[in-house]
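S.K.: Got my_file.cif for you, mmCIF, N, CA and C atoms and all ligand atoms:
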```
data_upload
#
loop_
_atom_site.label_atom_id
_atom_site.label_comp_id
_atom_site.auth_asym_id
_atom_site.auth_seq_id
_atom_site.Cartn_x
_atom_site.Cartn_y
_atom_site.Cartn_z
N MET A 492 105.84 113.87 84.25
CA MET A 492 105.63 112.41 84.32
C MET A 492 106.18 111.88 85.65
N SER A 493 105.39 111.07 86.34
CA SER A 493 105.85 110.57 87.65
C SER A 493 106.85 109.42 87.47
N ILE A 494 107.57 109.16 88.53
CA ILE A 494 108.51 108.03 88.49
C ILE A 494 107.75 106.71 88.27
N PHE A 495 106.53 106.63 88.76
CA PHE A 495 105.76 105.40 88.56
C PHE A 495 105.31 105.27 87.11
N THR A 496 104.99 106.38 86.45
CA THR A 496 104.65 106.32 85.03
C THR A 496 105.86 105.82 84.24
N LYS A 497 107.04 106.25 84.65
CA LYS A 497 108.27 105.79 83.96
C LYS A 497 108.49 104.29 84.19
N ILE A 498 108.12 103.82 85.36
CA ILE A 498 108.22 102.37 85.63
C ILE A 498 107.20 101.62 84.77
N ILE A 499 105.98 102.15 84.70
CA ILE A 499 104.92 101.51 83.92
C ILE A 499 105.33 101.43 82.44
N SER A 500 105.98 102.47 81.95
CA SER A 500 106.37 102.47 80.52
C SER A 500 107.75 101.84 80.30
N ARG A 501 108.31 101.26 81.38
CA ARG A 501 109.60 100.55 81.33
C ARG A 501 110.78 101.48 81.03
N GLU A 502 110.62 102.76 81.28
CA GLU A 502 111.75 103.68 81.14
C GLU A 502 112.72 103.50 82.30
N ILE A 503 112.16 103.11 83.47
CA ILE A 503 112.95 102.88 84.67
C ILE A 503 112.67 101.43 85.09
N PRO A 504 113.72 100.67 85.44
CA PRO A 504 113.48 99.28 85.85
C PRO A 504 112.86 99.20 87.25
N SER A 505 112.14 98.13 87.46
CA SER A 505 111.53 97.90 88.76
C SER A 505 111.19 96.42 88.86
N GLU A 506 110.97 95.96 90.07
CA GLU A 506 110.55 94.56 90.23
C GLU A 506 109.04 94.51 90.16
N ILE A 507 108.55 94.13 89.01
CA ILE A 507 107.09 94.08 88.77
C ILE A 507 106.59 92.71 89.19
N VAL A 508 105.60 92.68 90.08
CA VAL A 508 105.10 91.39 90.55
C VAL A 508 103.74 91.05 89.92
N TYR A 509 103.06 92.04 89.38
CA TYR A 509 101.75 91.78 88.77
C TYR A 509 101.40 92.97 87.90
N GLU A 510 100.69 92.68 86.80
CA GLU A 510 100.23 93.77 85.93
C GLU A 510 98.92 93.38 85.28
N GLN A 511 98.03 94.34 85.17
CA GLN A 511 96.82 94.14 84.38
C GLN A 511 96.55 95.43 83.60
N ASP A 512 95.46 95.46 82.83
CA ASP A 512 95.24 96.60 81.92
C ASP A 512 95.34 97.96 82.61
N ASN A 513 94.83 98.08 83.83
CA ASN A 513 94.72 99.41 84.44
C ASN A 513 95.64 99.65 85.63
N LEU A 514 96.42 98.65 86.04
CA LEU A 514 97.33 98.88 87.17
C LEU A 514 98.51 97.93 87.16
N ILE A 515 99.48 98.30 88.00
CA ILE A 515 100.71 97.51 88.09
C ILE A 515 101.04 97.36 89.58
N VAL A 516 101.72 96.28 89.92
CA VAL A 516 102.15 96.07 91.31
C VAL A 516 103.67 95.85 91.29
N ILE A 517 104.38 96.64 92.09
CA ILE A 517 105.85 96.53 92.13
C ILE A 517 106.31 96.36 93.58
N LYS A 518 107.55 95.90 93.72
CA LYS A 518 108.17 95.85 95.06
C LYS A 518 108.67 97.25 95.40
N ASP A 519 108.41 97.68 96.62
CA ASP A 519 108.93 98.98 97.06
C ASP A 519 110.46 98.91 97.11
N ILE A 520 111.08 99.97 96.62
CA ILE A 520 112.55 100.00 96.56
C ILE A 520 113.19 100.10 97.95
N LYS A 521 112.43 100.64 98.92
CA LYS A 521 112.94 100.74 100.30
C LYS A 521 111.93 100.09 101.23
N PRO A 522 111.88 98.76 101.23
CA PRO A 522 110.82 98.08 102.00
C PRO A 522 110.91 98.35 103.49
N ILE A 523 109.75 98.53 104.11
CA ILE A 523 109.72 98.71 105.57
C ILE A 523 109.02 97.53 106.23
N ALA A 524 108.78 96.49 105.46
CA ALA A 524 108.19 95.26 106.01
C ALA A 524 108.68 94.11 105.14
N LYS A 525 108.49 92.88 105.64
CA LYS A 525 108.96 91.70 104.91
C LYS A 525 108.37 91.68 103.49
N THR A 526 107.10 91.96 103.40
CA THR A 526 106.46 92.18 102.09
C THR A 526 106.06 93.65 102.05
N HIS A 527 106.52 94.35 101.04
CA HIS A 527 106.14 95.76 100.87
C HIS A 527 105.97 96.00 99.37
N LEU A 528 104.71 95.99 98.96
CA LEU A 528 104.38 96.17 97.54
C LEU A 528 103.64 97.49 97.36
N LEU A 529 103.68 97.99 96.13
CA LEU A 529 102.94 99.21 95.78
C LEU A 529 101.98 98.85 94.65
N ILE A 530 100.72 99.14 94.86
CA ILE A 530 99.69 98.89 93.85
C ILE A 530 99.40 100.25 93.20
N ILE A 531 99.68 100.34 91.92
CA ILE A 531 99.73 101.66 91.26
C ILE A 531 98.83 101.67 90.02
N PRO A 532 97.85 102.58 89.99
CA PRO A 532 97.06 102.69 88.75
C PRO A 532 97.93 103.22 87.61
N LYS A 533 97.67 102.74 86.41
CA LYS A 533 98.42 103.26 85.25
C LYS A 533 98.01 104.70 84.96
N LYS A 534 96.77 105.04 85.30
CA LYS A 534 96.32 106.42 85.13
C LYS A 534 97.04 107.28 86.19
N GLU A 535 97.66 108.35 85.73
CA GLU A 535 98.44 109.17 86.67
C GLU A 535 97.55 110.18 87.39
N ILE A 536 97.05 109.78 88.54
CA ILE A 536 96.24 110.65 89.40
C ILE A 536 97.17 111.03 90.55
N SER A 537 97.24 112.32 90.90
CA SER A 537 98.24 112.74 91.88
C SER A 537 97.99 112.18 93.27
N THR A 538 96.81 112.44 93.80
CA THR A 538 96.54 112.04 95.19
C THR A 538 95.09 111.58 95.33
N ILE A 539 94.79 111.00 96.46
CA ILE A 539 93.40 110.61 96.77
C ILE A 539 92.46 111.82 96.61
N ASN A 540 92.96 113.01 96.94
CA ASN A 540 92.12 114.22 96.86
C ASN A 540 91.72 114.57 95.44
N ASP A 541 92.40 113.99 94.46
CA ASP A 541 92.11 114.31 93.06
C ASP A 541 91.19 113.30 92.39
N LEU A 542 90.72 112.32 93.14
CA LEU A 542 89.86 111.28 92.55
C LEU A 542 88.56 111.87 92.03
N GLN A 543 88.10 111.32 90.91
CA GLN A 543 86.83 111.72 90.30
C GLN A 543 85.86 110.55 90.39
N GLU A 544 84.61 110.85 90.17
CA GLU A 544 83.57 109.80 90.22
C GLU A 544 83.94 108.61 89.32
N ASN A 545 84.49 108.90 88.14
CA ASN A 545 84.77 107.79 87.20
C ASN A 545 86.03 106.99 87.58
N ASP A 546 86.63 107.29 88.73
CA ASP A 546 87.77 106.50 89.21
C ASP A 546 87.33 105.41 90.19
N ARG A 547 86.03 105.33 90.45
CA ARG A 547 85.54 104.36 91.45
C ARG A 547 85.95 102.92 91.12
N GLU A 548 85.79 102.54 89.87
CA GLU A 548 86.08 101.15 89.50
C GLU A 548 87.59 100.87 89.64
N LEU A 549 88.37 101.84 89.24
CA LEU A 549 89.84 101.70 89.35
C LEU A 549 90.25 101.51 90.81
N MET A 550 89.70 102.32 91.70
CA MET A 550 90.06 102.21 93.11
C MET A 550 89.61 100.87 93.68
N SER A 551 88.47 100.43 93.24
CA SER A 551 87.97 99.13 93.67
C SER A 551 88.90 98.02 93.17
N ASP A 552 89.35 98.13 91.93
CA ASP A 552 90.28 97.13 91.37
C ASP A 552 91.55 97.06 92.21
N MET A 553 92.02 98.19 92.71
CA MET A 553 93.24 98.19 93.53
C MET A 553 93.05 97.31 94.76
N ILE A 554 91.90 97.42 95.39
CA ILE A 554 91.64 96.62 96.60
C ILE A 554 91.53 95.14 96.24
N PHE A 555 90.83 94.85 95.13
CA PHE A 555 90.66 93.44 94.77
C PHE A 555 91.98 92.80 94.35
N VAL A 556 92.85 93.57 93.71
CA VAL A 556 94.17 93.04 93.35
C VAL A 556 95.00 92.80 94.62
N ALA A 557 94.90 93.71 95.58
CA ALA A 557 95.61 93.52 96.86
C ALA A 557 95.15 92.22 97.52
N LYS A 558 93.86 92.00 97.51
CA LYS A 558 93.30 90.78 98.12
C LYS A 558 93.85 89.53 97.42
N LYS A 559 93.89 89.56 96.09
CA LYS A 559 94.38 88.40 95.32
C LYS A 559 95.87 88.16 95.61
N ILE A 560 96.64 89.23 95.63
CA ILE A 560 98.09 89.07 95.86
C ILE A 560 98.35 88.57 97.27
N ALA A 561 97.62 89.11 98.23
CA ALA A 561 97.79 88.66 99.62
C ALA A 561 97.51 87.16 99.72
N LYS A 562 96.50 86.70 99.01
CA LYS A 562 96.19 85.26 99.03
C LYS A 562 97.31 84.48 98.35
N ASP A 563 97.74 84.95 97.18
CA ASP A 563 98.81 84.25 96.44
C ASP A 563 100.08 84.14 97.29
N LEU A 564 100.37 85.19 98.06
CA LEU A 564 101.59 85.21 98.88
C LEU A 564 101.39 84.56 100.25
N LYS A 565 100.17 84.10 100.49
CA LYS A 565 99.81 83.45 101.76
C LYS A 565 100.03 84.38 102.96
N ILE A 566 99.69 85.64 102.76
CA ILE A 566 99.78 86.61 103.87
C ILE A 566 98.39 87.16 104.19
N GLU A 567 97.36 86.45 103.71
CA GLU A 567 96.01 87.01 103.81
C GLU A 567 95.49 87.12 105.24
N ASN A 568 96.19 86.47 106.19
CA ASN A 568 95.71 86.58 107.58
C ASN A 568 96.27 87.78 108.32
N ALA A 569 97.20 88.50 107.71
CA ALA A 569 97.78 89.65 108.42
C ALA A 569 98.50 90.58 107.45
N TYR A 570 97.75 91.49 106.90
CA TYR A 570 98.41 92.50 106.06
C TYR A 570 97.71 93.83 106.23
N GLU A 571 98.41 94.85 105.77
CA GLU A 571 97.94 96.23 105.95
C GLU A 571 97.92 96.90 104.58
N LEU A 572 96.90 97.71 104.33
CA LEU A 572 96.82 98.50 103.10
C LEU A 572 96.75 99.96 103.51
N HIS A 573 97.60 100.78 102.90
CA HIS A 573 97.44 102.19 103.23
C HIS A 573 97.86 103.14 102.12
N PHE A 574 97.25 104.31 102.18
CA PHE A 574 97.57 105.40 101.27
C PHE A 574 98.16 106.54 102.09
N ASN A 575 99.23 107.13 101.61
CA ASN A 575 99.67 108.42 102.15
C ASN A 575 99.07 109.50 101.26
N VAL A 576 98.77 110.64 101.84
CA VAL A 576 98.14 111.71 101.06
C VAL A 576 98.89 113.03 101.26
N TRP A 577 99.15 113.64 100.15
CA TRP A 577 99.78 114.95 99.97
C TRP A 577 101.04 115.13 100.80
N ASP A 578 101.03 115.89 101.90
CA ASP A 578 102.29 116.16 102.61
C ASP A 578 102.97 114.87 103.09
N LEU A 579 102.18 113.83 103.28
CA LEU A 579 102.76 112.56 103.74
C LEU A 579 103.20 111.69 102.57
N GLN A 580 102.97 112.20 101.35
CA GLN A 580 103.15 111.40 100.14
C GLN A 580 104.39 111.85 99.39
N GLU A 581 105.34 110.91 99.24
CA GLU A 581 106.59 111.23 98.55
C GLU A 581 106.38 111.27 97.03
N VAL A 582 105.66 110.32 96.49
CA VAL A 582 105.44 110.25 95.04
C VAL A 582 104.00 110.65 94.75
N LYS A 583 103.85 111.74 93.99
CA LYS A 583 102.50 112.29 93.73
C LYS A 583 101.85 111.57 92.54
N HIS A 584 101.67 110.29 92.69
CA HIS A 584 100.98 109.43 91.73
C HIS A 584 100.36 108.36 92.62
N ILE A 585 99.04 108.35 92.69
CA ILE A 585 98.36 107.47 93.66
C ILE A 585 98.93 106.05 93.67
N HIS A 586 99.12 105.56 94.86
CA HIS A 586 99.56 104.17 95.03
C HIS A 586 99.12 103.70 96.41
N MET A 587 98.86 102.41 96.50
CA MET A 587 98.48 101.82 97.78
C MET A 587 99.62 100.90 98.24
N HIS A 588 100.02 101.08 99.48
CA HIS A 588 101.05 100.20 100.05
C HIS A 588 100.38 98.93 100.55
N LEU A 589 100.99 97.79 100.26
CA LEU A 589 100.56 96.50 100.82
C LEU A 589 101.72 96.00 101.67
N LEU A 590 101.48 95.89 102.96
CA LEU A 590 102.56 95.55 103.89
C LEU A 590 102.20 94.33 104.73
N SER A 591 103.21 93.49 104.93
CA SER A 591 102.99 92.36 105.84
C SER A 591 104.32 91.88 106.39
N ASN A 592 104.27 91.39 107.62
CA ASN A 592 105.50 90.86 108.22
C ASN A 592 105.40 89.37 108.48
N ILE A 593 104.43 88.71 107.84
CA ILE A 593 104.40 87.23 107.99
C ILE A 593 104.98 86.57 106.75
P1 LIG B 1 104.62 107.51 99.56
O1 LIG B 1 105.25 108.20 100.71
O2 LIG B 1 103.31 106.85 99.90
O3 LIG B 1 104.52 108.41 98.34
O4 LIG B 1 105.58 106.33 99.21
C1 LIG B 1 106.31 106.24 98.02
C2 LIG B 1 107.01 104.91 98.05
O5 LIG B 1 107.57 104.69 96.78
C3 LIG B 1 108.14 104.83 99.07
O6 LIG B 1 107.88 103.74 99.95
C4 LIG B 1 109.38 104.60 98.20
O7 LIG B 1 110.31 103.72 98.80
C5 LIG B 1 108.79 104.02 96.93
N1 LIG B 1 109.56 104.25 95.74
C6 LIG B 1 110.08 105.41 95.30
N2 LIG B 1 110.73 105.23 94.14
C7 LIG B 1 110.61 103.92 93.83
C8 LIG B 1 111.05 103.11 92.75
N3 LIG B 1 111.78 103.60 91.74
N4 LIG B 1 110.74 101.79 92.76
C9 LIG B 1 110.02 101.27 93.78
N5 LIG B 1 109.56 101.98 94.81
C10 LIG B 1 109.85 103.28 94.85
#
```
Could you write out this file's structure as structure tokens?
M.R.:
Amino acid sequence: MSIFTKIISREIPSEIVYEQDNLIVIKDIKPIAKTHLLIIPKKEISTINDLQENDRELMSDMIFVAKKIAKDLKIENAYELHFNVWDLQEVKHIHMHLLSNI
């Protein structure tokens, strides 16, 4: 079980900023920008390389949630979305970083 699955099931505390049926958004514990959020599917998929055809809607939802949160936080004019993959990835449970310094 990944650390993010434990956060989703409330076994480990975290600062949850948004949640819907298929994903959760939390504050990164070691922020590298003024806003540093993690958009995490509840489905535990290890990496981008493990995505299946039926994950398309989930991945799309991640982007649309990022867009909504960026607007809510008024950072929509300057933010970055990124995925680390495998060797660059500390937590092997897909997540998208949302970063902004405005
Ligand atoms: P990555 O290198 O893309 O796997 O990044 C994993 C991110 O998860 C890092 O930015 C960590 O700071 C963050 N992280 C790890 N554990 C936690 C946690 N318990 N709560 C919030 N963020 C975490």
S.K.: Per residue of chain A within 6.5 Å of ligand LIG 1 (chain B), which atom pair is closest and at what distance in Å (one decimal), using all atoms listed in the file, listed by chain and increasing number, as a Markdown table?
M.R.:
```
| residue | atom | partner | partner_atom | distance |
| --- | --- | --- | --- | --- |
| A:Ile494 | C | B:LIG1 | N3 | 6.2 |
| A:Pro504 | C | B:LIG1 | N3 | 6.4 |
| A:Ser505 | CA | B:LIG1 | N4 | 5.6 |
| A:Glu506 | N | B:LIG1 | N4 | 6.4 |
| A:Ile517 | C | B:LIG1 | C9 | 6.2 |
| A:Lys518 | C | B:LIG1 | C9 | 4.5 |
| A:Asp519 | CA | B:LIG1 | N5 | 3.8 |
| A:Ile520 | N | B:LIG1 | N5 | 3.1 |
| A:Lys521 | N | B:LIG1 | O7 | 3.7 |
| A:Pro522 | N | B:LIG1 | O7 | 5.7 |
| A:Phe574 | C | B:LIG1 | O2 | 5.6 |
| A:Asn575 | N | B:LIG1 | O2 | 4.4 |
| A:Val576 | N | B:LIG1 | O2 | 6.2 |
| A:Leu579 | C | B:LIG1 | O1 | 4.5 |
| A:Gln580 | C | B:LIG1 | O3 | 3.6 |
| A:Glu581 | N | B:LIG1 | O3 | 2.8 |
| A:Val582 | N | B:LIG1 | O3 | 2.9 |
| A:Lys583 | N | B:LIG1 | O3 | 5.5 |
| A:His586 | C | B:LIG1 | O2 | 6.3 |
```
S.K.: Skipping near chain neighbours, those fewer than 2 positions away, what residues fall within 6.5 Å of Ile539 (chain A) using all atoms listed in the file, listed as a PyMOL selection string?
M.R.: chain A and resi 536-537+541-542+576-577+585
S.K.: Can you tell me, as a ChimeraX atom specification, what residues are no more than 7 Å from region 527-531 of chain A when counting only N, CA and C atoms, ignoring any on the same chain fewer than 2 positions away?
M.R.: /A:513-519,522-525,533-534,553,584-591
S.K.: Pull N, CA and C atoms from the residues just selected and write them as a PDB file, in the coordinates of the input.
M.R.:
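Ended up saving to part22.pdb:
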```pdb
ATOM      1  N   ASN A 513      94.830  98.080  83.830  1.00  0.00           N
ATOM      2  CA  ASN A 513      94.720  99.410  84.440  1.00  0.00           C
ATOM      3  C   ASN A 513      95.640  99.650  85.630  1.00  0.00           C
ATOM      4  N   LEU A 514      96.420  98.650  86.040  1.00  0.00           N
ATOM      5  CA  LEU A 514      97.330  98.880  87.170  1.00  0.00           C
ATOM      6  C   LEU A 514      98.510  97.930  87.160  1.00  0.00           C
ATOM      7  N   ILE A 515      99.480  98.300  88.000  1.00  0.00           N
ATOM      8  CA  ILE A 515     100.710  97.510  88.090  1.00  0.00           C
ATOM      9  C   ILE A 515     101.040  97.360  89.580  1.00  0.00           C
ATOM     10  N   VAL A 516     101.720  96.280  89.920  1.00  0.00           N
ATOM     11  CA  VAL A 516     102.150  96.070  91.310  1.00  0.00           C
ATOM     12  C   VAL A 516     103.670  95.850  91.290  1.00  0.00           C
ATOM     13  N   ILE A 517     104.380  96.640  92.090  1.00  0.00           N
ATOM     14  CA  ILE A 517     105.850  96.530  92.130  1.00  0.00           C
ATOM     15  C   ILE A 517     106.310  96.360  93.580  1.00  0.00           C
ATOM     16  N   LYS A 518     107.550  95.900  93.720  1.00  0.00           N
ATOM     17  CA  LYS A 518     108.170  95.850  95.060  1.00  0.00           C
ATOM     18  C   LYS A 518     108.670  97.250  95.400  1.00  0.00           C
ATOM     19  N   ASP A 519     108.410  97.680  96.620  1.00  0.00           N
ATOM     20  CA  ASP A 519     108.930  98.980  97.060  1.00  0.00           C
ATOM     21  C   ASP A 519     110.460  98.910  97.110  1.00  0.00           C
ATOM     22  N   PRO A 522     111.880  98.760 101.230  1.00  0.00           N
ATOM     23  CA  PRO A 522     110.820  98.080 102.000  1.00  0.00           C
ATOM     24  C   PRO A 522     110.910  98.350 103.490  1.00  0.00           C
ATOM     25  N   ILE A 523     109.750  98.530 104.110  1.00  0.00           N
ATOM     26  CA  ILE A 523     109.720  98.710 105.570  1.00  0.00           C
ATOM     27  C   ILE A 523     109.020  97.530 106.230  1.00  0.00           C
ATOM     28  N   ALA A 524     108.780  96.490 105.460  1.00  0.00           N
ATOM     29  CA  ALA A 524     108.190  95.260 106.010  1.00  0.00           C
ATOM     30  C   ALA A 524     108.680  94.110 105.140  1.00  0.00           C
ATOM     31  N   LYS A 525     108.490  92.880 105.640  1.00  0.00           N
ATOM     32  CA  LYS A 525     108.960  91.700 104.910  1.00  0.00           C
ATOM     33  C   LYS A 525     108.370  91.680 103.490  1.00  0.00           C
ATOM     34  N   LYS A 533      97.670 102.740  86.410  1.00  0.00           N
ATOM     35  CA  LYS A 533      98.420 103.260  85.250  1.00  0.00           C
ATOM     36  C   LYS A 533      98.010 104.700  84.960  1.00  0.00           C
ATOM     37  N   LYS A 534      96.770 105.040  85.300  1.00  0.00           N
ATOM     38  CA  LYS A 534      96.320 106.420  85.130  1.00  0.00           C
ATOM     39  C   LYS A 534      97.040 107.280  86.190  1.00  0.00           C
ATOM     40  N   MET A 553      92.020  98.190  92.710  1.00  0.00           N
ATOM     41  CA  MET A 553      93.240  98.190  93.530  1.00  0.00           C
ATOM     42  C   MET A 553      93.050  97.310  94.760  1.00  0.00           C
ATOM     43  N   HIS A 584     101.670 110.290  92.690  1.00  0.00           N
ATOM     44  CA  HIS A 584     100.980 109.430  91.730  1.00  0.00           C
ATOM     45  C   HIS A 584     100.360 108.360  92.620  1.00  0.00           C
ATOM     46  N   ILE A 585      99.040 108.350  92.690  1.00  0.00           N
ATOM     47  CA  ILE A 585      98.360 107.470  93.660  1.00  0.00           C
ATOM     48  C   ILE A 585      98.930 106.050  93.670  1.00  0.00           C
ATOM     49  N   HIS A 586      99.120 105.560  94.860  1.00  0.00           N
ATOM     50  CA  HIS A 586      99.560 104.170  95.030  1.00  0.00           C
ATOM     51  C   HIS A 586      99.120 103.700  96.410  1.00  0.00           C
ATOM     52  N   MET A 587      98.860 102.410  96.500  1.00  0.00           N
ATOM     53  CA  MET A 587      98.480 101.820  97.780  1.00  0.00           C
ATOM     54  C   MET A 587      99.620 100.900  98.240  1.00  0.00           C
ATOM     55  N   HIS A 588     100.020 101.080  99.480  1.00  0.00           N
ATOM     56  CA  HIS A 588     101.050 100.200 100.050  1.00  0.00           C
ATOM     57  C   HIS A 588     100.380  98.930 100.550  1.00  0.00           C
ATOM     58  N   LEU A 589     100.990  97.790 100.260  1.00  0.00           N
ATOM     59  CA  LEU A 589     100.560  96.500 100.820  1.00  0.00           C
ATOM     60  C   LEU A 589     101.720  96.000 101.670  1.00  0.00           C
ATOM     61  N   LEU A 590     101.480  95.890 102.960  1.00  0.00           N
ATOM     62  CA  LEU A 590     102.560  95.550 103.890  1.00  0.00           C
ATOM     63  C   LEU A 590     102.200  94.330 104.730  1.00  0.00           C
ATOM     64  N   SER A 591     103.210  93.490 104.930  1.00  0.00           N
ATOM     65  CA  SER A 591     102.990  92.360 105.840  1.00  0.00           C
ATOM     66  C   SER A 591     104.320  91.880 106.390  1.00  0.00           C
TER      67      SER A 591
END
```
S.K.: Within chain A, find each residue whose DSSP state, derived from the backbone, is alpha helix (DSSP H), and express the selection as an MDAnalysis selection string.
M.R.: chainID A and resid 494:499 547:563
S.K.: Kindly give the distance, in Å, that separates CA of Tyr570 (chain A) and CA of Ala557 (chain A), rounded to a single decimal.
M.R.: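 For CA of Tyr570 (chain A) relative to CA of Ala557 (chain A), the distance reads 9.7 Å.
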S.K.: Just the number, please: distance in Å from atom C of Glu548 (chain A) to atom N of Met492 (chain A), one decimal.
M.R.: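 These two atoms are separated by 23.0 Å.
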S.K.: CA of Leu549 (chain A) and CA of Lys565 (chain A), how far apart in Å?
M.R.: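 Between CA of Lys565 (chain A) and CA of Leu549 (chain A) the gap works out to 24.2 Å.
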S.K.: For region 512-519 of chain A, which lacks atoms in the input, supply all heavy atoms and format the output as an mmCIF file, in the coordinates of the input.
M.R.:
```cif
data_model
loop_
_atom_site.group_PDB
_atom_site.id
_atom_site.type_symbol
_atom_site.label_atom_id
_atom_site.label_comp_id
_atom_site.auth_asym_id
_atom_site.auth_seq_id
_atom_site.Cartn_x
_atom_site.Cartn_y
_atom_site.Cartn_z
ATOM 1 N N ASP A 512 95.460 95.460 82.830
ATOM 2 C CA ASP A 512 95.240 96.600 81.920
ATOM 3 C C ASP A 512 95.340 97.960 82.610
ATOM 4 O O ASP A 512 95.898 98.912 82.050
ATOM 5 C CB ASP A 512 93.891 96.457 81.213
ATOM 6 C CG ASP A 512 92.725 96.373 82.196
ATOM 7 O OD1 ASP A 512 92.941 95.961 83.350
ATOM 8 O OD2 ASP A 512 91.604 96.743 81.812
ATOM 9 N N ASN A 513 94.830 98.080 83.830
ATOM 10 C CA ASN A 513 94.720 99.410 84.440
ATOM 11 C C ASN A 513 95.640 99.650 85.630
ATOM 12 O O ASN A 513 95.628 100.731 86.209
ATOM 13 C CB ASN A 513 93.270 99.702 84.830
ATOM 14 C CG ASN A 513 92.704 98.688 85.804
ATOM 15 O OD1 ASN A 513 93.352 97.695 86.112
ATOM 16 N ND2 ASN A 513 91.497 98.942 86.280
ATOM 17 N N LEU A 514 96.420 98.650 86.040
ATOM 18 C CA LEU A 514 97.330 98.880 87.170
ATOM 19 C C LEU A 514 98.510 97.930 87.160
ATOM 20 O O LEU A 514 98.539 96.933 86.435
ATOM 21 C CB LEU A 514 96.571 98.809 88.497
ATOM 22 C CG LEU A 514 95.843 97.528 88.867
ATOM 23 C CD1 LEU A 514 96.774 96.521 89.493
ATOM 24 C CD2 LEU A 514 94.725 97.854 89.849
ATOM 25 N N ILE A 515 99.480 98.300 88.000
ATOM 26 C CA ILE A 515 100.710 97.510 88.090
ATOM 27 C C ILE A 515 101.040 97.360 89.580
ATOM 28 O O ILE A 515 100.671 98.225 90.393
ATOM 29 C CB ILE A 515 101.843 98.215 87.306
ATOM 30 C CG1 ILE A 515 103.022 97.298 87.043
ATOM 31 C CG2 ILE A 515 102.295 99.486 87.999
ATOM 32 C CD1 ILE A 515 103.961 97.824 85.962
ATOM 33 N N VAL A 516 101.720 96.280 89.920
ATOM 34 C CA VAL A 516 102.150 96.070 91.310
ATOM 35 C C VAL A 516 103.670 95.850 91.290
ATOM 36 O O VAL A 516 104.164 94.997 90.544
ATOM 37 C CB VAL A 516 101.447 94.864 91.957
ATOM 38 C CG1 VAL A 516 101.883 94.701 93.410
ATOM 39 C CG2 VAL A 516 99.934 95.007 91.855
ATOM 40 N N ILE A 517 104.380 96.640 92.090
ATOM 41 C CA ILE A 517 105.850 96.530 92.130
ATOM 42 C C ILE A 517 106.310 96.360 93.580
ATOM 43 O O ILE A 517 105.585 96.676 94.518
ATOM 44 C CB ILE A 517 106.536 97.764 91.507
ATOM 45 C CG1 ILE A 517 106.266 99.033 92.325
ATOM 46 C CG2 ILE A 517 106.112 97.944 90.062
ATOM 47 C CD1 ILE A 517 107.119 100.240 91.903
ATOM 48 N N LYS A 518 107.550 95.900 93.720
ATOM 49 C CA LYS A 518 108.170 95.850 95.060
ATOM 50 C C LYS A 518 108.670 97.250 95.400
ATOM 51 O O LYS A 518 109.303 97.903 94.558
ATOM 52 C CB LYS A 518 109.340 94.874 95.064
ATOM 53 C CG LYS A 518 108.903 93.436 94.980
ATOM 54 C CD LYS A 518 110.063 92.490 95.265
ATOM 55 C CE LYS A 518 109.573 91.066 95.123
ATOM 56 N NZ LYS A 518 110.645 90.072 95.278
ATOM 57 N N ASP A 519 108.410 97.680 96.620
ATOM 58 C CA ASP A 519 108.930 98.980 97.060
ATOM 59 C C ASP A 519 110.460 98.910 97.110
ATOM 60 O O ASP A 519 111.037 97.939 97.603
ATOM 61 C CB ASP A 519 108.358 99.348 98.437
ATOM 62 C CG ASP A 519 108.545 100.827 98.740
ATOM 63 O OD1 ASP A 519 109.703 101.257 98.931
ATOM 64 O OD2 ASP A 519 107.536 101.553 98.762
#
```
